[in-house]
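The structure file my_file10.csv is reproduced below (CSV, C-alpha atoms).
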chain,number,residue,atom,x,y,z
A,1,MET,CA,53.5,95.1,17.9
A,2,SER,CA,55.0,95.9,14.5
A,3,THR,CA,57.2,98.8,13.9
A,4,HIS,CA,57.8,99.9,10.3
A,5,PHE,CA,61.3,99.4,9.1
A,6,ASP,CA,63.2,99.7,5.8
A,7,ALA,CA,66.1,97.4,6.3
A,8,THR,CA,67.1,94.7,8.7
A,9,LEU,CA,70.4,93.7,10.2
A,10,ASP,CA,71.1,90.4,11.9
A,11,VAL,CA,73.8,90.6,14.6
A,12,LYS,CA,72.7,87.4,16.4
A,13,GLY,CA,75.7,86.0,18.3
A,14,ALA,CA,77.7,89.2,18.1
A,15,LYS,CA,79.1,90.5,21.3
A,16,CYS,CA,79.7,94.0,22.5
A,17,PRO,CA,80.8,96.2,20.7
A,18,MET,CA,80.0,94.5,17.4
A,19,PRO,CA,76.2,94.9,17.4
A,20,LEU,CA,76.8,98.7,17.7
A,21,VAL,CA,79.6,98.9,15.2
A,22,LYS,CA,77.8,96.9,12.5
A,23,SER,CA,74.6,98.9,13.1
A,24,ARG,CA,76.5,102.1,12.8
A,25,LYS,CA,77.8,100.9,9.4
A,26,ALA,CA,74.4,99.7,8.2
A,27,ILE,CA,72.5,102.8,9.2
A,28,GLY,CA,75.2,104.9,7.3
A,29,ASP,CA,74.2,103.0,4.2
A,30,LEU,CA,70.5,104.0,4.6
A,31,PRO,CA,69.0,107.3,3.4
A,32,VAL,CA,67.9,109.9,5.9
A,33,GLY,CA,64.5,109.0,7.4
A,34,HIS,CA,64.8,105.3,6.9
A,35,VAL,CA,64.5,102.9,9.8
A,36,LEU,CA,66.9,100.0,10.5
A,37,GLN,CA,65.8,96.9,12.4
A,38,VAL,CA,68.6,95.3,14.4
A,39,ILE,CA,68.2,91.8,15.8
A,40,ALA,CA,70.7,91.0,18.5
A,41,THR,CA,71.3,88.4,21.2
A,42,ASP,CA,73.6,90.5,23.2
A,43,ARG,CA,71.8,91.5,26.5
A,44,GLY,CA,73.9,94.6,26.8
A,45,SER,CA,72.6,95.9,23.5
A,46,ILE,CA,69.4,97.2,25.2
A,47,ALA,CA,71.3,99.8,27.3
A,48,ASP,CA,73.9,100.2,24.6
A,49,PHE,CA,71.4,101.3,21.9
A,50,GLN,CA,69.8,103.7,24.3
A,51,GLY,CA,73.2,105.2,25.1
A,52,TRP,CA,74.1,105.4,21.4
A,53,ALA,CA,70.8,107.2,20.7
A,54,THR,CA,71.3,109.8,23.4
A,55,THR,CA,74.9,110.5,22.3
A,56,ALA,CA,74.7,110.4,18.5
A,57,LYS,CA,73.1,113.4,16.7
A,58,ASN,CA,72.0,111.4,13.6
A,59,ILE,CA,69.9,108.5,15.0
A,60,ARG,CA,66.7,108.1,16.9
A,61,LEU,CA,65.7,105.0,18.8
A,62,ILE,CA,62.1,104.3,17.9
A,63,ALA,CA,61.4,101.1,19.7
A,64,GLN,CA,63.0,98.1,21.5
A,65,GLU,CA,61.5,94.7,21.9
A,66,THR,CA,62.5,91.5,23.6
A,67,THR,CA,61.3,88.3,22.0
A,68,ALA,CA,62.2,84.6,22.3
A,69,GLU,CA,63.3,82.4,19.5
A,70,GLY,CA,64.4,78.8,19.8
A,71,GLY,CA,65.1,79.1,23.6
A,72,GLN,CA,67.2,82.3,23.3
A,73,ASP,CA,66.2,85.9,23.9
A,74,LEU,CA,66.3,88.2,20.9
A,75,TYR,CA,66.7,92.0,21.4
A,76,VAL,CA,65.2,93.9,18.5
A,77,HIS,CA,66.0,97.6,18.1
A,78,TYR,CA,64.5,100.1,15.6
A,79,LEU,CA,66.7,103.0,14.7
A,80,GLU,CA,65.9,105.9,12.4
A,81,ARG,CA,68.6,107.8,10.6
A,82,THR,CA,67.6,111.4,11.2
A,83,ALA,CA,70.5,113.2,9.5
B,84,MET,CA,83.8,107.6,5.6
B,85,SER,CA,80.1,107.3,5.4
B,86,PRO,CA,77.9,110.4,4.9
B,87,VAL,CA,76.9,110.1,8.6
B,88,ASP,CA,80.3,111.6,9.5
B,89,THR,CA,79.8,114.7,7.4
B,90,LEU,CA,77.2,116.1,9.8
B,91,SER,CA,77.8,119.6,10.7
B,92,PRO,CA,77.2,120.4,14.4
B,93,SER,CA,73.7,121.6,13.4
B,94,ALA,CA,74.4,125.1,14.6
B,95,PRO,CA,72.3,127.6,12.6
B,96,SER,CA,74.6,130.6,12.1
B,97,MET,CA,73.6,133.4,14.4
B,98,PRO,CA,73.9,137.0,13.3
B,99,SER,CA,76.5,138.6,15.5
B,100,ALA,CA,75.3,141.5,17.7
B,101,THR,CA,77.6,144.0,16.0
B,102,THR,CA,76.1,143.6,12.6
B,103,MET,CA,72.6,143.9,13.8
B,104,PRO,CA,71.5,147.1,15.5
B,105,SER,CA,68.9,146.4,18.2
B,106,ALA,CA,66.4,148.9,16.7
B,107,ALA,CA,66.5,147.1,13.4
B,108,SER,CA,65.9,143.7,15.1
B,109,MET,CA,63.0,145.0,17.1
B,110,SER,CA,61.3,146.5,14.0
B,111,ALA,CA,61.7,143.3,12.1
B,112,PRO,CA,59.4,140.7,13.6
B,113,ALA,CA,59.9,138.3,10.7
B,114,ASP,CA,63.6,138.1,11.4
B,115,SER,CA,63.2,137.6,15.2
B,116,SER,CA,60.6,134.8,14.6
B,117,ASP,CA,63.2,133.1,12.4
B,118,ARG,CA,65.7,133.4,15.1
B,119,LEU,CA,63.2,132.1,17.6
B,120,ALA,CA,62.5,129.1,15.4
B,121,ALA,CA,66.2,128.4,15.0
B,122,LEU,CA,66.7,128.5,18.8
B,123,GLU,CA,63.7,126.2,19.4
B,124,ALA,CA,65.2,123.8,16.8
B,125,ARG,CA,68.5,123.8,18.7
B,126,LEU,CA,66.8,123.3,22.0
B,127,THR,CA,64.9,120.3,20.6
B,128,ALA,CA,68.1,118.8,19.3
B,129,LEU,CA,69.8,119.2,22.7
B,130,GLU,CA,66.8,117.6,24.5
B,131,ASP,CA,66.8,114.7,22.1
B,132,HIS,CA,70.4,114.0,22.7
B,133,PRO,CA,71.2,114.9,26.3
B,134,SER,CA,74.7,113.5,26.0
B,135,GLN,CA,75.6,116.5,23.9
B,136,SER,CA,75.6,118.6,27.1
B,137,THR,CA,77.5,118.0,30.3
B,138,GLU,CA,75.9,117.5,33.7
B,139,ASP,CA,77.1,117.0,37.2
B,140,ARG,CA,78.0,113.4,36.7
B,141,VAL,CA,80.9,111.1,37.6
B,142,ALA,CA,81.4,108.1,35.3
B,143,MET,CA,83.7,105.3,36.4
B,144,VAL,CA,85.0,102.1,34.9
B,145,VAL,CA,85.7,99.6,37.6
B,146,PHE,CA,88.1,97.3,35.9
B,147,SER,CA,90.2,96.0,38.8
B,148,GLY,CA,89.1,93.3,41.2
B,149,ASP,CA,91.3,94.4,44.1
B,150,LEU,CA,89.9,95.3,47.4
B,151,ASP,CA,91.8,98.6,47.7
B,152,LYS,CA,90.7,99.8,44.3
B,153,ALA,CA,87.1,98.8,45.0
B,154,ILE,CA,87.3,100.8,48.2
B,155,ALA,CA,88.6,103.8,46.3
B,156,ALA,CA,85.8,103.5,43.7
B,157,PHE,CA,83.0,103.2,46.2
B,158,ILE,CA,84.4,106.1,48.3
B,159,ILE,CA,84.4,108.3,45.2
B,160,ALA,CA,80.9,107.1,44.2
B,161,THR,CA,79.4,107.7,47.6
B,162,GLY,CA,81.2,111.0,48.0
B,163,ALA,CA,80.0,112.3,44.6
B,164,ALA,CA,76.5,111.1,45.3
B,165,ALA,CA,76.5,112.8,48.6
B,166,MET,CA,77.6,116.0,46.9
B,167,GLY,CA,74.6,115.8,44.7
B,168,MET,CA,76.3,114.5,41.7
B,169,GLU,CA,74.9,111.7,39.5
B,170,VAL,CA,77.2,108.7,39.5
B,171,SER,CA,77.6,105.8,37.0
B,172,MET,CA,79.8,102.8,37.7
B,173,PHE,CA,80.6,100.4,34.9
B,174,PHE,CA,81.9,97.0,36.2
B,175,THR,CA,84.0,95.1,33.7
B,176,PHE,CA,86.5,92.2,33.8
B,177,TRP,CA,88.0,91.8,37.2
B,178,GLY,CA,85.8,94.5,38.5
B,179,LEU,CA,83.0,92.0,38.5
B,180,ASN,CA,84.5,90.7,41.7
B,181,ALA,CA,83.2,93.7,43.5
B,182,VAL,CA,79.6,93.1,42.6
B,183,LYS,CA,79.4,89.3,43.1
B,184,LYS,CA,77.4,87.8,46.0
B,185,GLN,CA,78.4,84.1,45.7
B,186,LYS,CA,80.0,81.5,43.6
B,187,VAL,CA,77.9,79.1,41.5
B,188,PHE,CA,79.5,76.1,39.9
B,189,ALA,CA,76.4,74.3,38.6
B,190,GLY,CA,75.8,74.4,34.9
B,191,LYS,CA,79.3,75.6,34.0
B,192,ASN,CA,81.9,74.0,31.8
B,193,VAL,CA,85.4,73.1,33.1
B,194,ILE,CA,87.1,76.5,32.2
B,195,GLU,CA,84.2,78.5,33.7
B,196,GLN,CA,84.4,76.4,36.8
B,197,GLY,CA,88.1,77.0,37.0
B,198,PHE,CA,87.6,80.8,36.7
B,199,THR,CA,84.9,80.6,39.4
B,200,ALA,CA,87.3,78.7,41.7
B,201,MET,CA,90.2,81.0,41.1
B,202,LEU,CA,88.3,84.3,41.3
B,203,PRO,CA,86.8,85.9,44.4
B,204,GLY,CA,83.1,85.3,45.0
B,205,GLY,CA,82.5,88.8,46.3
B,206,LEU,CA,84.1,91.8,47.9
B,207,GLY,CA,84.8,89.8,51.0
B,208,GLN,CA,87.2,87.5,49.2
B,209,THR,CA,89.1,90.1,47.3
B,210,GLY,CA,92.7,90.9,48.1
B,211,LEU,CA,94.9,94.0,48.1
B,212,SER,CA,96.6,95.0,44.9
B,213,GLN,CA,99.9,95.3,46.9
B,214,MET,CA,101.0,93.7,50.2
B,215,ASN,CA,98.2,91.1,50.1
B,216,TYR,CA,100.3,88.1,51.3
B,217,PHE,CA,97.7,85.5,50.4
B,218,GLY,CA,94.8,87.5,52.0
B,219,ALA,CA,96.6,88.5,55.2
B,220,GLY,CA,97.1,92.0,53.9
B,221,ALA,CA,93.4,92.4,53.1
B,222,LYS,CA,92.5,91.2,56.6
B,223,ILE,CA,94.9,93.7,58.2
B,224,MET,CA,93.6,96.5,55.9
B,225,ARG,CA,90.0,95.7,57.0
B,226,ARG,CA,91.1,95.8,60.7
B,227,LEU,CA,92.9,99.1,60.1
B,228,MET,CA,89.8,100.6,58.5
B,229,LYS,CA,87.7,99.5,61.5
B,230,GLN,CA,90.2,101.0,63.9
B,231,HIS,CA,90.2,104.3,62.0
B,232,ASP,CA,86.4,104.3,61.7
B,233,VAL,CA,86.5,104.0,57.9
B,234,SER,CA,83.3,102.5,56.5
B,235,SER,CA,83.8,98.9,55.2
B,236,PRO,CA,83.6,98.4,51.5
B,237,GLU,CA,80.4,96.5,52.0
B,238,GLU,CA,78.8,99.5,53.8
B,239,LEU,CA,80.1,101.8,51.1
B,240,PHE,CA,78.6,99.6,48.4
B,241,GLY,CA,75.2,99.5,50.2
B,242,LEU,CA,75.4,103.3,50.6
B,243,ALA,CA,76.1,103.7,46.9
B,244,GLN,CA,73.1,101.7,46.0
B,245,GLU,CA,71.0,103.6,48.5
B,246,LEU,CA,72.1,106.9,47.0
B,247,GLY,CA,71.0,105.9,43.6
B,248,VAL,CA,74.4,105.2,42.0
B,249,ARG,CA,73.9,103.7,38.6
B,250,MET,CA,75.7,100.3,38.5
B,251,VAL,CA,76.1,98.6,35.1
B,252,VAL,CA,77.6,95.2,34.6
B,253,CYS,CA,79.4,94.6,31.3
B,254,ASP,CA,77.6,91.7,29.8
B,255,MET,CA,80.4,90.7,27.4
B,256,SER,CA,83.0,90.3,30.2
B,257,ARG,CA,80.5,88.6,32.4
B,258,GLU,CA,79.9,86.0,29.8
B,259,LEU,CA,83.7,85.7,29.1
B,260,LEU,CA,84.5,85.0,32.7
B,261,GLY,CA,81.5,82.6,33.0
B,262,VAL,CA,79.8,84.7,35.7
B,263,THR,CA,76.1,83.9,36.0
B,264,ASP,CA,73.3,86.3,37.0
B,265,ALA,CA,72.8,84.2,40.2
B,266,GLU,CA,76.3,85.1,41.3
B,267,LEU,CA,75.8,88.9,40.9
B,268,ILE,CA,74.2,91.2,43.5
B,269,ASP,CA,70.6,92.0,42.8
B,270,GLY,CA,69.5,95.3,41.3
B,271,LEU,CA,72.4,95.8,38.8
B,272,GLU,CA,71.9,96.9,35.2
B,273,THR,CA,73.3,95.1,32.2
B,274,GLY,CA,75.1,97.0,29.4
B,275,GLY,CA,78.0,97.4,27.1
B,276,VAL,CA,80.5,100.0,26.0
B,277,ALA,CA,78.0,102.5,24.7
B,278,THR,CA,76.2,102.4,28.0
B,279,PHE,CA,79.3,103.6,29.7
B,280,LEU,CA,80.2,106.1,27.0
B,281,ALA,CA,76.8,107.7,26.9
B,282,ASP,CA,77.2,108.5,30.6
B,283,ALA,CA,80.9,109.4,30.3
B,284,ALA,CA,80.2,111.7,27.3
B,285,ARG,CA,78.1,114.0,29.5
B,286,ALA,CA,80.1,113.5,32.8
B,287,LYS,CA,82.4,116.1,34.2
B,288,VAL,CA,84.6,113.5,35.8
B,289,THR,CA,85.6,110.2,34.2
B,290,LEU,CA,87.7,107.6,35.9
B,291,PHE,CA,89.2,104.2,35.0
B,292,ILE,CA,89.9,102.3,38.2

Reformat the file's structure so that it appears as structure tokens.
Amino acid sequence: MSTHFDATLDVKGAKCPMPLVKSRKAIGDLPVGHVLQVIATDRGSIADFQGWATTAKNIRLIAQETTAEGGQDLYVHYLERTA
Amino acid sequence: MSPVDTLSPSAPSMPSATTMPSAASMSAPADSSDRLAALEARLTALEDHPSQSTEDRVAMVVFSGDLDKAIAAFIIATGAAAMGMEVSMFFTFWGLNAVKKQKVFAGKNVIEQGFTAMLPGGLGQTGLSQMNYFGAGAKIMRRLMKQHDVSSPEELFGLAQELGVRMVVCDMSRELLGVTDAELIDGLETGGVATFLADAARAKVTLFI
């Protein structure tokens, strides 16, 4: 599956709450309507990004994927800036 | 501050009742359809972001690993669930003690093995926050609870799971303390700070135990 995105953010190795904080900063630098791809290794990021999307008014969680790379799981999130 | 912060609360200004005679609004279908569209837009925004509204929910951070505090947390959780409220429990740091089922030493480094040795391997090994006396206090408390027909913490935990209490384990502190999945009770969720906050944001009751 490939989801369209305009920018990508690598937060591999970052632990809670850094994936969230860095993504928040990165999506703020994008124009409205653009999609940010976030690649994380933090397992908690799956529920965290869902929680963020239900709380924040200006982002929408488009998709989440789990893939494996070099023996570690990667959690990929696609966020759209809506406002 | 980034432009994200400049968001207005997306409230389309509603004409106040005093400035709009009802006869005029009824004879102006274009205006009422505008208002309807604005209301629909607001409804969609609310549905997209349920955390913007409150619901009958209790959100708890279980930070302590003491038996007495775990009892308090599980009593509140089961009580709230029984009352028909939604309940979210977020277990972090020493609170992980309350949701462990065993100790596993295999595959851990020295520090992690030390933590595993020093920390309780489950509710059954936790002590009281006061008057514990190397575990004697906890034993006496459990006996007292039995005498007074108070449900054991294990029963309360099982009940909470049965009643559909959402239980989330903080992955960051789990990793920090070297706790593996095999040591945790089955059926728990994994999450982080936003997982708790999203539930707490729409909860009517929030507790840090």

*Near Gly210 (chain B), within 6 Å and counting all atoms listed in the file, which residues show up once chain neighbours fewer than 2 positions away are dropped, as number ranges by chain?*
B: 149-150, 215, 218, 221

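Each of A:Ala40, A:Ala53, A:Ile59, A:Leu9 was compared to Gln72 (chain A) using all atoms listed in the file, and A:Ala40 turns out to be the nearest.
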
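Excluding Arg257 (chain B) itself and same-chain residues fewer than 6 positions from it, the residues having an atom within 9 Å of it are Thr175, Phe176, Leu179, Thr263 and Asp264 of chain B, counting only C-alpha atoms.
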
*Between CA of Pro203 (chain B) and CA of Lys186 (chain B) - distance in Å to one decimal*: 8.1 Å

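Distance annotation: of A:Arg24, A:Gly71, A:Asp29, A:Gly44, the residue with the minimal separation from Ala56 (chain A) is A:Arg24; atom set is all atoms listed in the file.
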
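When all atoms listed in the file are used to measure the gap to Val38 (chain A), the shortest distance among A:Gly13, A:Pro19, A:Gly51, A:Gly70 belongs to A:Pro19.
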
*Would you list which chain A residues are within 10 Å of chain B using all atoms listed in the file, as a PyMOL selection string?*
chain A and resi 14-17+20+24-32+42-60+81-83

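Across the structure, CA of Ala163 (chain B) and CA of Ser234 (chain B) are spaced 15.8 Å apart.
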
*Top pick for closest residue to Gln213 (chain B), considering B:Ala160, B:Gly197, B:Lys152, B:Lys183 and counting only C-alpha atoms*: B:Lys152

*Neighbours of Val76 (chain A) within 12 Å (all atoms listed in the file; same-chain residues fewer than 2 positions away dropped), as a PyMOL selection string?*
chain A and resi 1-3+5+8-12+19+23+36-43+45-46+49+61-69+73-74+78-79

Taking N, CA and C atoms as the atom set, what does region 5-26 of chain A look like once completed, written as a compact mmCIF listing (two decimals), keeping the file's coordinate frame?
# COMPACT_ATOMS: atom_id res chain seq x y z
N PHE A 5 59.91 99.27 9.31
CA PHE A 5 61.30 99.40 9.10
C PHE A 5 61.66 99.20 7.59
N ASP A 6 62.78 99.77 7.17
CA ASP A 6 63.20 99.70 5.80
C ASP A 6 64.24 98.68 5.47
N ALA A 7 65.03 98.37 6.49
CA ALA A 7 66.10 97.40 6.30
C ALA A 7 66.30 96.65 7.61
N THR A 8 66.87 95.47 7.52
CA THR A 8 67.10 94.70 8.70
C THR A 8 68.53 94.22 8.80
N LEU A 9 69.03 94.13 10.02
CA LEU A 9 70.40 93.70 10.20
C LEU A 9 70.41 92.61 11.31
N ASP A 10 71.01 91.48 10.96
CA ASP A 10 71.10 90.40 11.90
C ASP A 10 72.44 90.33 12.56
N VAL A 11 72.48 90.61 13.86
CA VAL A 11 73.80 90.60 14.60
C VAL A 11 73.67 89.52 15.71
N LYS A 12 72.88 88.47 15.45
CA LYS A 12 72.70 87.40 16.40
C LYS A 12 74.11 86.79 16.71
N GLY A 13 74.42 86.61 17.96
CA GLY A 13 75.70 86.00 18.30
C GLY A 13 76.82 86.99 18.51
N ALA A 14 76.68 88.17 17.94
CA ALA A 14 77.70 89.20 18.10
C ALA A 14 77.76 89.77 19.47
N LYS A 15 78.97 89.94 19.99
CA LYS A 15 79.10 90.50 21.30
C LYS A 15 79.57 91.93 21.29
N CYS A 16 79.34 92.63 22.38
CA CYS A 16 79.70 94.00 22.50
C CYS A 16 81.20 94.19 22.12
N PRO A 17 81.60 95.13 21.29
CA PRO A 17 80.80 96.20 20.70
C PRO A 17 80.27 95.97 19.32
N MET A 18 80.35 94.73 18.83
CA MET A 18 80.00 94.50 17.40
C MET A 18 78.60 94.82 17.00
N PRO A 19 77.56 94.55 17.81
CA PRO A 19 76.20 94.90 17.40
C PRO A 19 76.13 96.43 17.04
N LEU A 20 76.82 97.22 17.87
CA LEU A 20 76.80 98.70 17.70
C LEU A 20 77.59 99.07 16.45
N VAL A 21 78.77 98.49 16.29
CA VAL A 21 79.60 98.90 15.20
C VAL A 21 78.99 98.49 13.84
N LYS A 22 78.40 97.30 13.79
CA LYS A 22 77.80 96.90 12.50
C LYS A 22 76.52 97.69 12.25
N SER A 23 75.78 98.05 13.29
CA SER A 23 74.60 98.90 13.10
C SER A 23 74.92 100.25 12.60
N ARG A 24 76.00 100.79 13.15
CA ARG A 24 76.50 102.10 12.80
C ARG A 24 76.81 102.13 11.27
N LYS A 25 77.44 101.04 10.80
CA LYS A 25 77.80 100.90 9.40
C LYS A 25 76.54 100.78 8.54
N ALA A 26 75.62 99.93 9.01
CA ALA A 26 74.40 99.70 8.20
C ALA A 26 73.52 100.89 8.11
